[in-house]
$ cat final-v2.txt   # compact mmCIF, C-alpha atoms
# COMPACT_ATOMS: atom_id res chain seq x y z
CA GLU D 574 -224.95 117.27 -110.94
CA ASP D 575 -222.36 118.96 -113.12
CA GLU D 576 -219.68 117.99 -110.68
CA GLY D 577 -220.87 114.41 -110.75
CA ASP D 578 -220.76 114.41 -114.53
CA ASP D 579 -217.20 115.74 -114.46
CA ILE D 580 -216.17 112.94 -112.14
CA PHE D 581 -217.86 110.32 -114.36
CA TYR D 582 -216.17 111.47 -117.54
CA GLU D 583 -212.86 111.93 -115.81
CA ASN D 584 -212.94 108.38 -114.50
CA ASP D 585 -214.00 107.07 -117.91
CA TYR D 586 -211.11 108.89 -119.58
CA ASP D 587 -208.64 107.57 -117.04
CA GLY D 588 -209.86 104.05 -117.66
CA GLU D 589 -209.44 104.45 -121.42
CA GLU D 590 -205.97 105.88 -120.94
CA CYS D 591 -205.12 103.01 -118.62
CA ALA D 592 -206.33 100.54 -121.25
CA VAL D 593 -204.12 102.16 -123.86
CA ASP D 594 -201.17 102.07 -121.52
CA ASN D 595 -201.79 98.39 -120.85
CA ASP D 596 -201.77 97.65 -124.58
CA ASP D 597 -198.52 99.51 -125.03
CA PHE D 598 -197.06 97.69 -122.05
CA SER D 599 -198.14 94.32 -123.47
CA ARG D 600 -196.52 95.10 -126.81
CA LEU D 601 -193.37 96.19 -125.01
CA ILE D 602 -193.21 92.97 -123.01
CA GLN D 603 -193.81 90.88 -126.14
CA SER D 604 -191.05 92.77 -127.92
CA GLU D 605 -188.66 92.13 -125.05
CA ILE D 606 -189.55 88.43 -125.03
CA ASP D 607 -188.94 88.13 -128.77
CA LEU D 608 -185.66 89.99 -128.41
CA ALA D 609 -184.54 87.65 -125.64
CA ARG D 610 -185.42 84.61 -127.74
CA GLU D 611 -183.52 85.86 -130.77
CA GLN D 612 -180.51 86.66 -128.62
CA THR D 613 -180.65 83.11 -127.26
CA ARG D 614 -180.73 81.87 -130.85
CA MET D 615 -177.59 83.84 -131.63
CA GLU D 616 -175.94 82.41 -128.52
CA SER D 617 -176.68 78.90 -129.80
CA PHE D 618 -174.59 79.75 -132.87
CA GLU D 619 -171.76 80.73 -130.55
CA GLU D 620 -171.88 77.28 -128.94
CA TYR D 621 -171.14 75.77 -132.34
CA VAL D 622 -168.26 78.21 -132.70
CA LEU D 623 -166.80 77.30 -129.31
CA ILE D 624 -166.83 73.55 -129.92
CA SER D 625 -165.55 73.94 -133.49
CA VAL D 626 -162.67 76.11 -132.32
CA LEU D 627 -161.69 73.53 -129.69
CA THR D 628 -161.71 70.59 -132.11
CA ALA D 629 -159.99 72.53 -134.88
CA SER D 630 -157.28 73.79 -132.52
CA ALA D 631 -156.63 70.35 -131.05
CA SER D 632 -156.52 68.75 -134.49
CA PHE D 633 -154.23 71.45 -135.82
CA GLY D 634 -151.92 70.86 -132.85
CA VAL D 635 -151.73 67.16 -133.71
CA LEU D 636 -151.14 67.99 -137.35
CA THR D 637 -148.24 70.32 -136.64
CA SER D 638 -146.69 67.93 -134.11
CA SER D 639 -146.59 65.19 -136.76
CA ASN D 640 -143.64 67.02 -138.35
CA SER D 641 -141.49 66.68 -135.24
CA GLY D 642 -138.99 63.89 -134.91
CA SER D 643 -140.76 62.24 -131.98
CA GLU D 644 -144.00 61.83 -133.94
CA GLN D 645 -142.71 60.30 -137.16
CA HIS D 646 -144.47 57.03 -136.30
CA MET D 647 -147.89 58.67 -136.67
CA SER D 648 -149.94 56.96 -139.36
CA THR D 649 -151.13 58.67 -142.51
CA LEU D 650 -154.74 58.00 -141.50
CA ALA D 651 -154.28 59.85 -138.19
CA ILE D 652 -152.69 62.80 -139.97
CA LEU D 653 -155.49 62.94 -142.54
CA SER D 654 -158.10 62.76 -139.78
CA ALA D 655 -156.43 65.63 -137.94
CA GLY D 656 -156.14 67.77 -141.06
CA MET D 657 -159.73 67.24 -142.21
CA SER D 658 -161.05 67.76 -138.68
CA ALA D 659 -159.23 71.10 -138.50
CA LEU D 660 -160.60 72.21 -141.90
CA CYS D 661 -164.18 71.18 -141.08
CA GLY D 662 -163.97 72.90 -137.72
CA LEU D 663 -162.65 76.03 -139.40
CA HIS D 664 -165.55 76.06 -141.86
CA ALA D 665 -168.13 75.70 -139.07
CA THR D 666 -166.40 78.40 -137.05
CA VAL D 667 -166.44 80.91 -139.92
CA VAL D 668 -170.10 80.38 -140.86
CA PHE D 669 -171.58 80.34 -137.35
CA SER D 670 -169.42 83.16 -136.04
CA LEU D 671 -170.33 85.43 -138.96
CA SER D 672 -174.02 84.49 -138.65
CA ALA D 673 -173.99 85.37 -134.96
CA LEU D 674 -171.99 88.54 -135.55
CA TYR D 675 -174.23 90.01 -138.25
CA GLY D 676 -177.39 88.70 -136.62
CA LYS D 677 -176.56 90.54 -133.39
CA SER D 678 -175.71 93.63 -135.41
CA CYS D 679 -179.19 93.61 -136.93
CA ILE D 680 -180.81 93.12 -133.52
CA GLY D 681 -178.76 95.91 -131.99
CA ARG D 682 -179.66 98.30 -134.82
CA ASN D 683 -183.35 97.35 -134.58
CA GLN D 684 -183.35 96.08 -138.17
CA ASP D 685 -185.81 93.21 -137.85
CA GLU D 686 -186.41 92.82 -141.58
CA HIS D 687 -182.70 92.67 -142.31
CA TYR D 688 -182.27 90.16 -139.48
CA GLN D 689 -184.96 87.84 -140.87
CA TYR D 690 -183.58 88.23 -144.38
CA LEU D 691 -180.12 87.27 -143.16
CA LEU D 692 -181.37 84.15 -141.38
CA ASP D 693 -183.49 83.03 -144.34
CA THR D 694 -180.73 83.66 -146.87
CA LEU D 695 -178.05 81.74 -144.96
CA ILE D 696 -180.05 78.56 -144.32
CA GLU D 697 -178.04 76.45 -146.79
CA GLN D 698 -174.75 77.83 -145.46
CA ARG D 699 -175.73 76.90 -141.91
CA LYS D 700 -176.75 73.41 -143.04
CA ARG D 701 -173.34 72.86 -144.61
CA ALA D 702 -171.67 74.34 -141.54
CA PHE D 703 -173.55 71.92 -139.30
CA LEU D 704 -172.38 69.06 -141.52
CA SER D 705 -168.80 70.31 -141.19
CA PHE D 706 -169.32 70.65 -137.43
CA SER D 707 -170.46 67.04 -137.20
CA LEU D 708 -167.65 65.75 -139.42
CA SER D 709 -165.11 67.67 -137.35
CA LEU D 710 -166.28 65.95 -134.18
CA LEU D 711 -166.36 62.54 -135.88
CA LEU D 712 -162.88 62.92 -137.34
CA PHE D 713 -161.60 64.24 -134.04
CA SER D 714 -162.93 61.10 -132.31
CA MET D 715 -161.27 58.91 -134.93
CA GLU D 716 -158.07 60.85 -134.52
CA ILE D 717 -158.01 60.22 -130.76
CA GLY D 718 -158.68 56.51 -131.28
CA LEU D 719 -155.88 56.20 -133.84
CA LEU D 720 -153.37 58.07 -131.70
CA LEU D 721 -154.29 55.92 -128.71
CA TYR D 722 -153.89 52.77 -130.78
CA GLU D 723 -150.44 53.83 -131.96
CA ALA D 724 -149.31 54.95 -128.50
CA VAL D 725 -149.94 51.69 -126.61
CA PRO D 726 -147.61 48.66 -126.76
CA PRO D 727 -148.41 46.10 -129.50
CA SER D 728 -149.78 43.63 -126.98
CA PHE D 729 -152.51 46.10 -125.98
CA GLN D 730 -153.38 47.27 -129.47
CA PRO D 731 -156.18 44.72 -130.15
CA LEU D 732 -157.94 45.60 -126.90
CA THR D 733 -157.43 49.31 -127.58
CA LEU D 734 -158.84 48.96 -131.07
CA ILE D 735 -161.97 47.20 -129.80
CA THR D 736 -162.48 49.72 -126.99
CA ALA D 737 -161.93 52.76 -129.20
CA GLY D 738 -164.19 51.31 -131.91
CA GLY D 739 -166.96 50.68 -129.37
CA MET D 740 -166.71 54.20 -127.97
CA LEU D 741 -166.73 55.68 -131.47
CA TYR D 742 -169.82 53.67 -132.35
CA MET D 743 -171.58 54.87 -129.19
CA ILE D 744 -170.69 58.50 -129.94
CA VAL D 745 -172.02 58.28 -133.49
CA ALA D 746 -175.18 56.42 -132.43
CA ASP D 747 -176.03 58.93 -129.69
CA TRP D 748 -175.24 61.86 -131.97
CA ALA D 749 -177.52 60.50 -134.72
CA PHE D 750 -180.32 59.83 -132.23
CA ILE D 751 -180.18 63.32 -130.70
CA VAL D 752 -180.03 65.06 -134.07
CA ASP D 753 -182.98 63.02 -135.33
CA LYS D 754 -185.12 63.89 -132.29
CA ALA D 755 -184.07 67.55 -132.48
CA LYS D 756 -185.70 67.84 -135.90
CA VAL D 757 -188.98 68.46 -134.08
CA ILE D 758 -187.69 71.97 -133.28
CA TYR D 759 -188.02 72.90 -136.96
CA THR D 760 -191.34 71.15 -137.66
CA SER D 761 -194.87 72.08 -136.66
CA GLU D 762 -195.88 68.69 -135.28
CA VAL D 763 -194.76 67.37 -131.91
CA PRO D 764 -194.68 63.55 -131.76
CA THR D 765 -196.54 61.92 -128.89
CA THR D 766 -194.61 59.79 -126.44
CA THR D 767 -195.52 56.24 -125.47
CA THR D 768 -196.74 57.44 -122.06
CA GLU D 769 -199.07 60.01 -123.62
CA GLU D 770 -200.48 57.42 -126.04
CA GLY D 771 -201.18 55.07 -123.15
CA GLN D 772 -203.04 57.78 -121.25
CA GLN D 773 -205.22 58.50 -124.27
$ encode --input "final-v2.txt" --output "structure tokens"
Amino acid sequence: EDEGDDIFYENDYDGEECAVDNDDFSRLIQSEIDLAREQTRMESFEEYVLISVLTASASFGVLTSSNSGSEQHMSTLAILSAGMSALCGLHATVVFSLSALYGKSCIGRNQDEHYQYLLDTLIEQRKRAFLSFSLSLLLFSMEIGLLLYEAVPPSFQPLTLITAGGMLYMIVADWAFIVDKAKVIYTSEVPTTTTEEGQQ
């Protein structure tokens, strides 16, 4: 009987220990999932940096080439577009790269409170950086259209102007549509689609 009691209590203790281990394991998995998500968030900042660097570099190259003798025909509007695109891209690059840099530093040092404080404090800076990012892309598109217009023979300039204007309009329209729909990421309500409404 005593031996049976020992077995009963031993099994009961093992089950309790197993339950505790399962709770610890669940918290560990949840922590790893949250860490992976935050790292993905930091990587999204790096995507802004990559695109901003590309547009800023290309625009800066156009701006510097305008001083050469072969590019004296470049219009003032094209030069201004290149210069402003480079500056806007530089601003977006600085803000998003520093946000990703210090955000990863907080994650690596296991400073969750500092990480959340950093993200909350820099919201306005990231908003302005996103505006600069968007303006850099828009100005870069205008810059390409202007350079293309000036590069073709005069007989092709009207057709080039219409084509470039149409492409620019499509870029801006699609950009505005995607940004508007992406707002749902930062709101609590998910809009229902037409298909879902029909099924209801």
$ closest_atom_pairs --input "final-v2.txt" --of "region 679-734 of chain D" --to "region 663-669 of chain D" --cutoff "7 Å" --atoms "only C-alpha atoms" --output "tab-separated table"
residue	atom	partner	partner_atom	distance
D:Arg699	CA	D:Val668	CA	6.7
D:Ala702	CA	D:Ala665	CA	4.5
D:Phe703	CA	D:Ala665	CA	6.6
D:Ser705	CA	D:Ala665	CA	5.8
D:Phe706	CA	D:Ala665	CA	5.4
$ residues_around --input "final-v2.txt" --residues "Leu636 (chain D)" --least-positions-apart "4" --cutoff "7 Å" --atoms "all atoms listed in the file" --output "JSON, numbers by chain"
{"D": [632, 652, 655, 656]}
$ atom_distance --input "final-v2.txt" --atom1 "CA of Met743 (chain D)" --atom2 "CA of Leu719 (chain D)"
16.4 Å
$ atom_distance --input "final-v2.txt" --atom1 "CA of Thr637 (chain D)" --atom2 "CA of Leu711 (chain D)"
19.7 Å
$ residues_around --input "final-v2.txt" --residues "Ala737 (chain D)" --least-positions-apart "6" --cutoff "10 Å" --atoms "all atoms listed in the file" --output "PDB file with C-alpha atoms, in the frame of the given file"
ATOM      1  CA  SER D 714    -162.930  61.100-132.310  1.00  0.00           C
ATOM      2  CA  MET D 715    -161.270  58.910-134.930  1.00  0.00           C
ATOM      3  CA  ILE D 717    -158.010  60.220-130.760  1.00  0.00           C
ATOM      4  CA  GLY D 718    -158.680  56.510-131.280  1.00  0.00           C
ATOM      5  CA  LEU D 719    -155.880  56.200-133.840  1.00  0.00           C
ATOM      6  CA  LEU D 721    -154.290  55.920-128.710  1.00  0.00           C
ATOM      7  CA  TYR D 722    -153.890  52.770-130.780  1.00  0.00           C
ATOM      8  CA  PRO D 731    -156.180  44.720-130.150  1.00  0.00           C
ATOM      9  CA  MET D 743    -171.580  54.870-129.190  1.00  0.00           C
TER      10      MET D 743
END
$ atom_distance --input "final-v2.txt" --atom1 "CA of Gly662 (chain D)" --atom2 "CA of Arg701 (chain D)"
11.6 Å
$ residues_near_point --input "final-v2.txt" --point "(-173.9, 64.7, -132.8)" --cutoff "12 Å" --atoms "only C-alpha atoms" --output "NGL selection string"
:D and (621 or 624 or 703-711 or 714 or 741-755)
$ closest_residue --input "final-v2.txt" --among "D:Glu716, D:Leu660, D:Gly739, D:Glu611" --to "Asp685 (chain D)" --atoms "all atoms listed in the file"
D:Glu611
$ closest_residue --input "final-v2.txt" --among "D:Leu734, D:Ala673, D:Met740, D:Leu695" --to "Thr613 (chain D)" --atoms "all atoms listed in the file"
D:Ala673
$ closest_residue --input "final-v2.txt" --among "D:Ala629, D:Met657, D:Leu691, D:Asp607" --to "Gly676 (chain D)" --atoms "all atoms listed in the file"
D:Leu691
